[in-house]
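Text of the file target.cif, holding mmCIF, C-alpha atoms and all ligand atoms:
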data_upload
#
loop_
_atom_site.label_atom_id
_atom_site.label_comp_id
_atom_site.auth_asym_id
_atom_site.auth_seq_id
_atom_site.Cartn_x
_atom_site.Cartn_y
_atom_site.Cartn_z
CA MET A 932 75.04 165.51 -37.51
CA TRP A 933 74.78 166.18 -33.74
CA ASN A 934 73.99 169.67 -32.51
CA TYR A 935 75.33 170.80 -29.15
CA TYR A 936 72.75 172.15 -26.68
CA PRO A 937 74.64 172.54 -23.39
CA GLU A 938 71.49 173.47 -21.48
CA LEU A 939 70.02 170.04 -22.25
CA LEU A 940 73.15 168.26 -21.03
CA ALA A 941 73.67 170.30 -17.87
CA THR A 942 71.65 168.03 -15.57
CA PRO A 943 73.48 164.86 -14.49
CA VAL A 944 71.48 161.77 -15.43
CA PRO A 945 71.77 158.06 -14.60
CA ARG A 946 72.92 155.43 -17.08
CA TYR A 947 69.75 153.44 -16.31
CA THR A 948 71.25 150.00 -16.01
CA SER A 949 68.11 149.47 -13.93
CA TYR A 950 65.00 151.39 -13.04
CA PRO A 951 64.75 152.44 -10.29
CA THR A 952 68.50 153.01 -10.17
CA ALA A 953 70.81 151.84 -7.38
CA ALA A 954 70.80 155.41 -6.02
CA ASP A 955 67.15 154.88 -5.09
CA PHE A 956 67.73 151.68 -3.14
CA GLY A 957 66.81 151.49 0.54
CA PRO A 958 66.68 148.79 3.24
CA LEU A 959 64.89 145.61 2.18
CA GLU A 960 62.69 143.38 4.28
CA GLU A 961 64.44 140.18 5.33
CA GLY A 962 63.79 137.11 3.16
CA LEU A 963 62.86 138.97 -0.06
CA ILE A 964 65.91 137.92 -2.08
CA GLU A 965 65.56 134.30 -0.95
CA ARG A 966 61.92 134.27 -2.04
CA ALA A 967 62.71 135.88 -5.39
CA ILE A 968 65.42 133.27 -6.12
CA ALA A 969 63.10 130.42 -5.07
CA GLU A 970 60.50 131.69 -7.57
CA ALA A 971 62.94 132.06 -10.49
CA ASP A 972 61.77 129.14 -12.56
CA GLY A 973 62.71 130.09 -16.15
CA ASP A 974 65.97 131.18 -17.74
CA VAL A 975 68.38 132.63 -15.23
CA SER A 976 71.59 134.61 -15.73
CA LEU A 977 74.38 134.71 -13.17
CA TYR A 978 76.89 137.49 -12.58
CA LEU A 979 79.98 136.83 -10.44
CA HIS A 980 81.77 139.87 -9.06
CA ILE A 981 85.54 139.68 -8.55
CA PRO A 982 86.50 142.98 -6.87
CA PHE A 983 90.27 142.84 -7.39
CA CYS A 984 92.73 144.29 -9.88
CA GLU A 985 96.48 143.91 -10.18
CA LYS A 986 96.87 147.68 -10.54
CA ILE A 987 94.24 150.27 -9.69
CA CYS A 988 93.59 152.89 -12.40
CA TYR A 989 93.27 156.51 -11.22
CA TYR A 990 89.90 157.01 -12.92
CA CYS A 991 88.21 153.88 -11.61
CA GLY A 992 84.94 154.27 -9.74
CA CYS A 993 84.42 150.51 -9.24
CA ASN A 994 84.45 148.66 -5.97
CA THR A 995 87.84 147.02 -6.41
CA GLY A 996 91.02 146.49 -4.41
CA ALA A 997 94.59 145.38 -5.06
CA SER A 998 94.90 141.67 -5.75
CA GLY A 999 98.36 141.61 -4.10
CA LYS A 1000 96.73 141.16 -0.67
CA ARG A 1001 96.40 137.41 -1.03
CA ALA A 1002 94.67 136.67 2.28
CA ARG A 1003 91.92 139.09 1.32
CA VAL A 1004 91.47 137.48 -2.09
CA GLU A 1005 91.35 133.99 -0.63
CA THR A 1006 88.77 134.78 2.05
CA TYR A 1007 86.65 136.62 -0.49
CA LEU A 1008 86.71 133.66 -2.88
CA ALA A 1009 85.76 131.31 -0.05
CA ALA A 1010 82.73 133.54 0.62
CA LEU A 1011 81.89 133.55 -3.09
CA HIS A 1012 81.93 129.73 -3.16
CA GLN A 1013 79.65 129.67 -0.12
CA GLU A 1014 77.25 132.13 -1.73
CA LEU A 1015 77.16 130.04 -4.92
CA ALA A 1016 76.12 127.01 -2.85
CA THR A 1017 73.48 129.01 -0.97
CA VAL A 1018 71.96 130.49 -4.14
CA ALA A 1019 71.98 127.07 -5.87
CA SER A 1020 70.19 125.46 -2.92
CA LEU A 1021 67.37 128.01 -3.28
CA LEU A 1022 66.89 127.82 -7.06
CA PRO A 1023 63.95 125.65 -8.08
CA GLN A 1024 64.41 122.55 -10.28
CA ALA A 1025 62.79 124.30 -13.24
CA ALA A 1026 65.42 127.07 -13.38
CA ARG A 1027 67.89 126.96 -16.26
CA VAL A 1028 71.12 128.93 -16.11
CA ARG A 1029 71.73 130.23 -19.64
CA ARG A 1030 74.28 132.99 -19.08
CA ILE A 1031 77.24 133.39 -16.78
CA ALA A 1032 79.23 136.62 -16.63
CA PHE A 1033 82.41 137.32 -14.65
CA GLY A 1034 83.04 140.98 -13.95
CA GLY A 1035 84.76 143.23 -11.47
CA GLY A 1036 87.32 144.59 -10.90
CA SER A 1037 89.23 142.26 -13.18
CA PRO A 1038 88.39 138.56 -12.96
CA ASN A 1039 91.87 137.78 -14.32
CA ALA A 1040 93.43 139.39 -11.24
CA ILE A 1041 92.87 136.13 -9.34
CA GLU A 1042 94.99 133.02 -9.87
CA PRO A 1043 94.04 130.85 -12.87
CA ARG A 1044 93.43 127.87 -10.56
CA GLU A 1045 91.11 129.99 -8.41
CA PHE A 1046 89.15 130.97 -11.49
CA MET A 1047 88.83 127.35 -12.63
CA ALA A 1048 87.62 126.37 -9.15
CA LEU A 1049 84.76 128.86 -9.59
CA VAL A 1050 83.94 127.44 -13.02
CA GLU A 1051 83.90 123.93 -11.55
CA ALA A 1052 81.67 125.05 -8.66
CA LEU A 1053 79.21 126.55 -11.14
CA HIS A 1054 79.07 123.24 -13.01
CA ALA A 1055 78.67 121.31 -9.77
CA HIS A 1056 75.94 123.44 -8.21
CA PHE A 1057 73.78 124.87 -11.00
CA PRO A 1058 71.48 123.56 -13.72
CA LEU A 1059 73.58 124.88 -16.61
CA VAL A 1060 71.82 124.62 -19.96
CA ALA A 1061 74.37 125.40 -22.70
CA PRO A 1062 75.16 128.71 -21.05
CA GLU A 1063 76.92 131.58 -22.74
CA TRP A 1064 80.04 132.52 -20.74
CA SER A 1065 81.48 136.01 -20.73
CA ILE A 1066 84.31 137.75 -18.90
CA GLU A 1067 85.82 141.20 -18.36
CA LEU A 1068 89.60 141.21 -18.68
CA ASP A 1069 92.47 143.54 -17.91
CA PRO A 1070 95.11 143.18 -20.65
CA ARG A 1071 97.83 144.14 -18.13
CA SER A 1072 97.33 140.92 -16.19
CA LEU A 1073 96.40 138.67 -19.09
CA THR A 1074 98.70 135.74 -19.86
CA ALA A 1075 98.82 132.89 -22.34
CA GLU A 1076 97.55 130.67 -19.50
CA TRP A 1077 94.39 132.77 -19.31
CA GLY A 1078 93.92 132.22 -23.04
CA HIS A 1079 93.90 128.47 -22.36
CA LEU A 1080 91.49 128.90 -19.43
CA VAL A 1081 89.09 130.85 -21.60
CA CYS A 1082 89.07 127.87 -23.95
CA GLU A 1083 88.72 125.30 -21.16
CA ALA A 1084 85.84 127.18 -19.53
CA GLY A 1085 84.05 127.64 -22.87
CA ILE A 1086 84.08 131.44 -22.70
CA THR A 1087 83.10 132.96 -26.04
CA ARG A 1088 82.56 136.60 -25.07
CA ALA A 1089 85.22 138.84 -23.57
CA SER A 1090 85.48 142.52 -22.84
CA MET A 1091 88.82 144.29 -22.51
CA GLY A 1092 89.43 147.59 -20.80
CA VAL A 1093 91.39 149.34 -23.54
CA GLN A 1094 90.24 152.96 -22.94
CA THR A 1095 92.86 154.63 -25.18
CA PHE A 1096 95.88 153.70 -27.26
CA ALA A 1097 97.54 157.09 -26.61
CA ALA A 1098 100.53 156.54 -24.31
CA HIS A 1099 100.38 160.04 -22.75
CA CYS A 1100 96.67 159.60 -21.86
CA GLN A 1101 97.36 156.12 -20.46
CA LYS A 1102 100.06 157.59 -18.23
CA ALA A 1103 97.71 160.33 -16.99
CA ILE A 1104 95.03 157.82 -15.97
CA GLY A 1105 97.43 155.32 -14.40
CA ARG A 1106 96.80 152.62 -16.94
CA GLU A 1107 99.84 151.96 -19.09
CA GLN A 1108 99.36 149.17 -21.59
CA PRO A 1109 101.35 149.28 -24.82
CA THR A 1110 99.64 148.37 -28.09
CA SER A 1111 101.74 145.19 -28.27
CA MET A 1112 100.10 144.09 -24.97
CA ILE A 1113 96.61 144.60 -26.43
CA CYS A 1114 97.60 142.74 -29.63
CA ARG A 1115 98.96 139.69 -27.81
CA SER A 1116 95.84 139.64 -25.59
CA ILE A 1117 93.65 139.56 -28.68
CA ASP A 1118 95.66 136.67 -30.11
CA TRP A 1119 95.31 134.66 -26.89
CA LEU A 1120 91.58 135.32 -26.64
CA ARG A 1121 90.81 134.62 -30.28
CA SER A 1122 92.75 131.37 -30.20
CA GLY A 1123 90.99 130.51 -26.92
CA GLY A 1124 87.65 130.64 -28.74
CA VAL A 1125 86.39 134.18 -28.11
CA THR A 1126 84.06 135.09 -30.96
CA SER A 1127 82.68 138.31 -29.50
CA LEU A 1128 85.40 140.66 -28.30
CA ASN A 1129 84.49 144.05 -26.83
CA PHE A 1130 86.79 147.03 -26.36
CA ASP A 1131 85.87 149.65 -23.78
CA LEU A 1132 87.11 153.04 -25.01
CA MET A 1133 86.97 156.40 -23.28
CA TYR A 1134 86.79 160.04 -24.33
CA GLY A 1135 87.18 163.11 -22.15
CA LEU A 1136 90.50 161.78 -20.78
CA PRO A 1137 93.27 164.06 -19.52
CA HIS A 1138 95.37 165.48 -22.38
CA GLN A 1139 93.24 163.60 -24.92
CA THR A 1140 92.77 165.30 -28.29
CA ALA A 1141 90.59 164.51 -31.28
CA VAL A 1142 93.71 163.10 -32.97
CA ASP A 1143 94.30 160.74 -30.03
CA LEU A 1144 90.72 159.55 -30.19
CA ALA A 1145 90.90 159.08 -33.96
CA ASP A 1146 94.01 156.95 -33.48
CA SER A 1147 92.29 154.78 -30.82
CA LEU A 1148 89.25 154.31 -33.04
CA GLU A 1149 91.42 153.35 -36.00
CA HIS A 1150 93.34 150.82 -33.88
CA THR A 1151 90.02 149.39 -32.69
CA ARG A 1152 88.78 148.98 -36.24
CA MET A 1153 92.01 147.45 -37.45
CA LEU A 1154 92.20 145.02 -34.54
CA GLY A 1155 88.69 143.82 -35.32
CA ALA A 1156 86.81 144.39 -32.04
CA ASP A 1157 83.32 142.92 -32.55
CA ARG A 1158 81.84 145.36 -30.05
CA VAL A 1159 82.92 148.76 -28.80
CA ALA A 1160 81.62 150.65 -25.79
CA VAL A 1161 82.53 154.34 -25.80
CA PHE A 1162 82.25 156.00 -22.39
CA GLY A 1163 82.84 159.59 -21.35
CA TYR A 1164 85.22 159.85 -18.39
CA ALA A 1165 83.27 161.14 -15.38
CA HIS A 1166 85.53 163.24 -13.15
CA VAL A 1167 83.96 163.17 -9.67
CA PRO A 1168 86.90 163.23 -7.20
CA HIS A 1169 84.53 164.17 -4.34
CA MET A 1170 83.01 160.71 -4.78
CA VAL A 1171 86.02 158.78 -6.10
CA PRO A 1172 89.06 160.08 -4.15
CA ARG A 1173 91.62 158.24 -6.33
CA GLN A 1174 90.60 160.56 -9.20
CA THR A 1175 92.49 163.40 -7.47
CA MET A 1176 95.53 161.81 -9.20
CA ILE A 1177 94.08 163.08 -12.50
CA PRO A 1178 94.97 166.70 -13.31
CA GLU A 1179 91.64 168.48 -13.65
CA GLU A 1180 93.11 171.23 -15.83
CA ALA A 1181 94.11 168.62 -18.44
CA LEU A 1182 90.53 167.45 -18.98
CA PRO A 1183 88.71 168.44 -22.18
CA GLY A 1184 85.78 170.82 -21.60
CA ALA A 1185 82.12 169.97 -22.10
CA GLU A 1186 81.95 171.02 -25.75
CA ALA A 1187 85.13 169.11 -26.62
CA ARG A 1188 83.67 166.03 -24.91
CA PHE A 1189 80.52 166.37 -26.97
CA ALA A 1190 82.59 166.64 -30.15
CA MET A 1191 84.54 163.50 -29.16
CA ALA A 1192 81.34 161.51 -28.59
CA ALA A 1193 80.14 162.65 -32.02
CA GLN A 1194 83.51 161.80 -33.57
CA ALA A 1195 83.40 158.24 -32.16
CA HIS A 1196 79.84 157.75 -33.37
CA ALA A 1197 80.63 159.04 -36.86
CA PHE A 1198 83.83 156.98 -37.17
CA LEU A 1199 82.37 153.70 -35.99
CA THR A 1200 79.09 153.93 -37.91
CA GLY A 1201 81.10 154.99 -40.95
CA ASN A 1202 83.34 151.94 -40.63
CA GLY A 1203 80.92 149.06 -40.54
CA TYR A 1204 79.70 149.20 -36.93
CA GLU A 1205 76.03 149.50 -36.02
CA ALA A 1206 75.07 151.91 -33.24
CA ILE A 1207 73.69 150.09 -30.18
CA GLY A 1208 71.75 152.37 -27.86
CA PHE A 1209 73.55 155.57 -26.92
CA ASP A 1210 77.14 154.42 -26.39
CA HIS A 1211 77.73 150.93 -27.81
CA PHE A 1212 78.61 149.76 -31.31
CA ALA A 1213 78.78 146.29 -32.84
CA LEU A 1214 79.72 144.68 -36.13
CA PRO A 1215 76.65 143.36 -37.99
CA HIS A 1216 77.46 139.67 -37.28
CA ASP A 1217 77.58 140.21 -33.49
CA ALA A 1218 74.65 139.08 -31.30
CA MET A 1219 74.29 142.60 -29.88
CA ALA A 1220 73.78 144.04 -33.38
CA ARG A 1221 71.32 141.24 -34.21
CA ALA A 1222 69.36 141.98 -31.01
CA THR A 1223 69.21 145.65 -31.97
CA ARG A 1224 67.93 144.90 -35.45
CA GLU A 1225 65.34 142.47 -34.04
CA GLY A 1226 64.21 144.94 -31.36
CA THR A 1227 65.20 142.63 -28.48
CA LEU A 1228 68.08 144.67 -27.05
CA ARG A 1229 67.83 145.09 -23.27
CA ARG A 1230 69.47 147.04 -20.51
CA ASN A 1231 70.81 145.30 -17.40
CA PHE A 1232 73.50 145.93 -14.78
CA GLN A 1233 76.20 145.18 -17.35
CA GLY A 1234 74.85 147.82 -19.76
CA PHE A 1235 73.31 146.96 -23.13
CA THR A 1236 72.70 143.25 -23.55
CA ASP A 1237 71.11 140.71 -25.85
CA ASP A 1238 70.21 138.62 -22.77
CA PRO A 1239 66.43 138.09 -22.78
CA SER A 1240 66.28 136.69 -19.22
CA GLU A 1241 64.16 138.53 -16.65
CA VAL A 1242 66.25 137.14 -13.79
CA LEU A 1243 69.86 138.10 -13.16
CA ILE A 1244 71.38 136.88 -9.91
CA GLY A 1245 74.43 138.83 -8.77
CA ILE A 1246 76.98 136.95 -6.66
CA GLY A 1247 79.71 138.69 -4.68
CA ALA A 1248 80.07 141.88 -2.66
CA THR A 1249 78.10 144.84 -4.15
CA ALA A 1250 76.63 142.63 -6.91
CA ILE A 1251 73.06 143.53 -7.82
CA SER A 1252 70.32 141.02 -8.61
CA GLY A 1253 67.35 141.90 -10.77
CA PHE A 1254 63.96 140.18 -10.79
CA PRO A 1255 60.77 141.48 -12.39
CA GLY A 1256 59.50 142.70 -9.02
CA LEU A 1257 62.71 143.24 -7.05
CA LEU A 1258 66.17 144.79 -7.32
CA ALA A 1259 68.55 143.76 -4.55
CA GLN A 1260 72.18 144.64 -3.87
CA ASN A 1261 74.61 142.49 -1.92
CA GLU A 1262 76.51 143.94 1.02
CA LYS A 1263 79.16 146.41 -0.16
CA HIS A 1264 81.50 145.99 2.78
CA ASN A 1265 83.80 143.05 2.08
CA GLY A 1266 84.14 142.02 5.74
CA ARG A 1267 80.39 141.97 6.37
CA TYR A 1268 79.81 140.22 3.03
CA ARG A 1269 82.28 137.49 3.98
CA ALA A 1270 80.79 137.04 7.46
CA LEU A 1271 77.20 136.70 6.20
CA SER A 1272 78.19 134.40 3.38
CA ALA A 1273 80.16 132.14 5.74
CA GLU A 1274 76.96 131.65 7.74
CA GLY A 1275 75.19 130.50 4.56
CA ARG A 1276 73.15 133.73 4.45
CA LEU A 1277 72.57 135.99 1.48
CA SER A 1278 73.75 139.52 2.09
CA ALA A 1279 71.32 141.54 -0.09
CA SER A 1280 69.73 143.82 2.46
CA HIS A 1281 69.40 146.88 0.19
CA GLY A 1282 67.32 147.33 -2.91
CA ILE A 1283 63.81 148.15 -3.93
CA VAL A 1284 60.54 146.34 -4.54
CA ARG A 1285 59.48 147.46 -8.01
CA SER A 1286 55.93 148.77 -7.97
CA ALA A 1287 53.62 148.50 -10.99
CA GLU A 1288 54.43 152.15 -11.73
CA ASP A 1289 58.18 151.47 -11.51
CA ARG A 1290 57.77 148.67 -14.03
CA LEU A 1291 55.73 150.85 -16.36
CA ARG A 1292 58.23 153.73 -16.22
CA GLY A 1293 61.18 151.29 -16.39
CA GLY A 1294 59.70 149.75 -19.55
CA VAL A 1295 59.48 153.17 -21.21
CA ILE A 1296 63.05 154.09 -20.19
CA GLU A 1297 64.41 150.77 -21.48
CA ALA A 1298 62.46 151.09 -24.75
CA LEU A 1299 63.77 154.61 -25.34
CA LEU A 1300 67.37 153.69 -24.62
CA CYS A 1301 67.37 150.37 -26.50
CA ARG A 1302 64.97 150.98 -29.38
CA GLY A 1303 64.77 154.77 -29.50
CA GLU A 1304 61.01 154.61 -29.30
CA ALA A 1305 58.32 154.02 -26.65
CA GLN A 1306 54.57 153.91 -26.39
CA LEU A 1307 53.32 156.19 -23.63
CA SER A 1308 50.22 155.76 -21.52
CA PRO A 1309 47.96 158.84 -21.36
CA CYS A 1310 49.11 159.50 -17.78
CA LEU A 1311 52.83 159.38 -18.62
CA LEU A 1312 52.26 161.52 -21.68
CA ALA A 1313 50.48 164.16 -19.64
CA ASP A 1314 53.24 163.98 -17.03
CA VAL A 1315 56.13 164.64 -19.45
CA ARG A 1316 54.60 166.65 -22.28
CA GLU A 1317 55.76 170.03 -20.99
CA ARG A 1318 59.27 168.84 -20.00
CA LEU A 1319 59.64 167.13 -23.37
CA ALA A 1320 59.09 170.37 -25.25
CA PRO A 1321 62.76 171.54 -25.22
CA PHE A 1322 63.70 168.27 -26.94
CA THR A 1323 60.84 168.16 -29.46
CA ALA A 1324 61.22 171.86 -30.30
CA ARG A 1325 64.86 171.22 -31.32
CA GLY A 1326 63.96 168.15 -33.39
CA LEU A 1327 65.73 165.77 -30.98
CA ALA A 1328 62.57 163.77 -30.31
CA ARG A 1329 59.15 163.45 -31.91
CA LEU A 1330 55.69 162.72 -30.53
CA ASP A 1331 53.18 161.05 -32.86
CA GLY A 1332 50.05 160.38 -30.88
CA ASN A 1333 51.29 158.36 -27.93
CA THR A 1334 54.53 157.24 -29.63
CA LEU A 1335 57.70 159.00 -28.54
CA THR A 1336 60.67 158.60 -30.89
CA ILE A 1337 64.22 159.80 -30.37
CA ALA A 1338 65.56 161.32 -33.61
CA PRO A 1339 69.03 160.24 -34.88
CA GLY A 1340 70.39 163.63 -33.80
CA GLY A 1341 68.80 163.13 -30.39
CA LEU A 1342 71.05 160.20 -29.45
CA PRO A 1343 73.37 162.23 -27.16
CA TYR A 1344 70.25 163.44 -25.35
CA ALA A 1345 68.67 159.98 -25.00
CA ARG A 1346 69.51 159.63 -21.30
CA GLY A 1347 68.11 163.11 -20.63
CA ILE A 1348 64.89 162.24 -22.47
CA ALA A 1349 64.63 158.91 -20.61
CA ALA A 1350 65.16 160.73 -17.31
CA LEU A 1351 61.90 162.64 -17.87
CA PHE A 1352 60.12 159.38 -17.00
CA ASP A 1353 62.11 158.86 -13.81
CA SER A 1354 59.93 159.79 -10.86
CA TYR A 1355 62.84 159.47 -8.37
CA ARG A 1356 65.22 161.93 -10.02
CA ALA A 1357 64.40 165.21 -8.31
CA VAL A 1358 65.87 163.96 -5.02
CA THR A 1359 69.07 162.20 -6.12
CA GLN A 1360 70.26 164.15 -9.15
CA ARG A 1361 73.71 165.16 -7.97
CA ARG A 1362 75.04 161.60 -7.79
CA PHE A 1363 75.10 161.09 -11.56
CA SER A 1364 77.47 161.87 -14.39
CA SER A 1365 76.81 164.24 -17.26
CA ALA A 1366 75.05 162.64 -20.23
CA ILE A 1367 78.12 163.24 -22.44
S1 LIG A 1401 91.25 147.52 -14.34
FE1 LIG A 1401 89.11 148.22 -14.47
S2 LIG A 1401 88.19 147.71 -12.51
FE2 LIG A 1401 90.42 147.56 -12.26
S3 LIG A 1401 91.05 149.54 -11.45
FE3 LIG A 1401 91.25 149.65 -13.69
S4 LIG A 1401 89.28 150.46 -14.39
FE4 LIG A 1401 89.00 149.76 -12.30
#
structure tokens encoding of this file:
Amino acid sequence: MWNYYPELLATPVPRYTSYPTAADFGPLEEGLIERAIAEADGDVSLYLHIPFCEKICYYCGCNTGASGKRARVETYLAALHQELATVASLLPQAARVRRIAFGGGSPNAIEPREFMALVEALHAHFPLVAPEWSIELDPRSLTAEWGHLVCEAGITRASMGVQTFAAHCQKAIGREQPTSMICRSIDWLRSGGVTSLNFDLMYGLPHQTAVDLADSLEHTRMLGADRVAVFGYAHVPHMVPRQTMIPEEALPGAEARFAMAAQAHAFLTGNGYEAIGFDHFALPHDAMARATREGTLRRNFQGFTDDPSEVLIGIGATAISGFPGLLAQNEKHNGRYRALSAEGRLSASHGIVRSAEDRLRGGVIEALLCRGEAQLSPCLLADVRERLAPFTARGLARLDGNTLTIAPGGLPYARGIAALFDSYRAVTQRRFSSAI
């Protein structure tokens, strides 16, 4: 059902977890993040970043370090507690925290008691109003104790980094986790009360074949993941030095990657999953599928989301906060982050004030990626009409008056079509991954 047009996939494009993207951030005026938090008077979502993992995977482009260096973990968590207190002191009375997400790294790389101390601090400092709790987990460091913690904390949504069930691919990416490990993790999480379980899967891995991918998809279906995110491995060793551990010659080529993306889409949609945006899938009962059907799916720093909140406050080094008029990223350097936090200061000194035009273009990009359709203003239409032609001429997108619709066969090109509305792209193109 998908046709391969390499020329339309040749330009690297962002994933648009925000618009403008983090690549377009610059220095921010002092006091902006404090003011934005102080004005956040509706529903608020919190994201806590835990940048540690027990073992570092060769492919990983995240800001994460080994959790074995205990002193580093402890000082970081102390800074995180301080930042929680600082943020809470700024939030107005009318704010209601409705969502709390732990991500990383791997939040389960810290000690269970350290995790519960964070949960208790959240309860102590913030106006929590029946929040939805979610967590990213590494099955390699998951234990039965974590299953109990999930239950105690009231976490109902969890995402596991599965990537592939093929042992030879796992070995090549430095992430060995037997199927029995995944199965016992599922049992612990389900009995701990997780009702929405996501598997992250990858294609384009070293030595990976269509048969390997089919096997991983079949395991995913049989194990009952409620959500599946299917990502293409982005090999950029010039930016992520640890990827030099991955043998470049063992990577599938561009056309094989495209075929794998199509294979995953066909398998999952043919086996009861609904397609969510360009790379997620969910069973019909899941909140993400409901949001898609109701047209309320959104994009935020965690990817596709059913979170309707306009305010997401990121806590921890590198975490990004999003407000209607501001995007702000915390200090990336752990030492500087800890020092600022210890002084009771917020470290977000980089970001961007979103102009009216940014918000207009961002709305179109989000609508295209989440709903496959956007209404264009006359100015935007005039701006993109010519560059849209290669997509419309191939039937990948359609223009009816001022309505732009991505055709079902245009899904693999959705990011490329969205990028036509990105006025920052010409300057920062080379930092992104290929769309497939
Ligand atoms: S577990 Fe996840 S965050 Fe940690 S190194 Fe592996 S891919 Fe990166």
Review point. Which of these residues is nearest to ligand LIG 1401 (chain A), using all atoms listed in the file: A:Leu1299, A:Ala954, A:Ile964, A:Leu1132?
Key: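 Of all the options, A:Leu1132 lies closest to ligand LIG 1401 (chain A).
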Practice item. Please check which protein, DNA or RNA residues sit within 6 Å of ligand LIG 1401 (chain A), counting all atoms listed in the file, and write them as a PyMOL selection string. Key: chain A and resi 984+987-988+991+993+1035-1037+1069
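Among the candidate residues A:Asp1314, A:Glu1225, A:Glu1083, A:Asp1131, the one lying nearest to Arg1044 of chain A is A:Glu1083, with distances computed using all atoms listed in the file.
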Check your understanding: Which one of A:Gln1013, A:Ala1075, A:Cys1082, A:Arg1001 sits closest to Glu1274 of chain A if you count only C-alpha atoms?
Key -> A:Gln1013
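Closest to Thr1334 of chain A among A:Ala1305, A:Val1171, A:Ala1349, A:Ile1296 is A:Ala1305, based on all atoms listed in the file.
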Practice item. Enter the distance from atom CA of His1054 of chain A to atom CA of Ser1072 of chain A, in Å, rounded to one decimal. Key: 25.6 Å
For segment 987-991 of chain A, which lacks atoms in the input, supply all heavy atoms and format the output as a short mmCIF file (atom, residue, chain, number, x, y, z; two decimals), in the coordinates of the input.
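Below is the file that was written, selection.cif:
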data_model
loop_
_atom_site.label_atom_id
_atom_site.label_comp_id
_atom_site.auth_asym_id
_atom_site.auth_seq_id
_atom_site.Cartn_x
_atom_site.Cartn_y
_atom_site.Cartn_z
N ILE A 987 95.47 149.47 -9.72
CA ILE A 987 94.24 150.27 -9.69
C ILE A 987 94.43 151.53 -10.55
O ILE A 987 95.36 152.31 -10.34
CB ILE A 987 93.89 150.69 -8.23
CG1 ILE A 987 93.86 149.45 -7.31
CG2 ILE A 987 92.57 151.44 -8.18
CD1 ILE A 987 92.79 148.45 -7.58
N CYS A 988 93.52 151.72 -11.51
CA CYS A 988 93.59 152.89 -12.40
C CYS A 988 93.07 154.12 -11.64
O CYS A 988 92.13 154.01 -10.86
CB CYS A 988 92.75 152.66 -13.64
SG CYS A 988 92.99 151.05 -14.38
N TYR A 989 93.65 155.29 -11.96
CA TYR A 989 93.27 156.51 -11.22
C TYR A 989 91.80 156.88 -11.42
O TYR A 989 91.19 157.54 -10.59
CB TYR A 989 94.10 157.71 -11.68
CG TYR A 989 95.60 157.57 -11.58
CD1 TYR A 989 96.43 158.37 -12.37
CD2 TYR A 989 96.20 156.66 -10.71
CE1 TYR A 989 97.81 158.26 -12.31
CE2 TYR A 989 97.59 156.54 -10.66
CZ TYR A 989 98.38 157.33 -11.46
OH TYR A 989 99.74 157.22 -11.40
N TYR A 990 91.25 156.55 -12.60
CA TYR A 990 89.90 157.01 -12.92
C TYR A 990 88.80 156.11 -12.39
O TYR A 990 87.62 156.45 -12.45
CB TYR A 990 89.73 157.13 -14.45
CG TYR A 990 89.89 155.81 -15.17
CD1 TYR A 990 88.79 154.99 -15.41
CD2 TYR A 990 91.13 155.37 -15.58
CE1 TYR A 990 88.95 153.78 -16.06
CE2 TYR A 990 91.29 154.16 -16.22
CZ TYR A 990 90.20 153.37 -16.46
OH TYR A 990 90.34 152.15 -17.08
N CYS A 991 89.18 154.94 -11.85
CA CYS A 991 88.21 153.88 -11.61
C CYS A 991 87.23 154.18 -10.47
O CYS A 991 87.65 154.47 -9.35
CB CYS A 991 88.94 152.59 -11.33
SG CYS A 991 87.81 151.25 -10.99
#
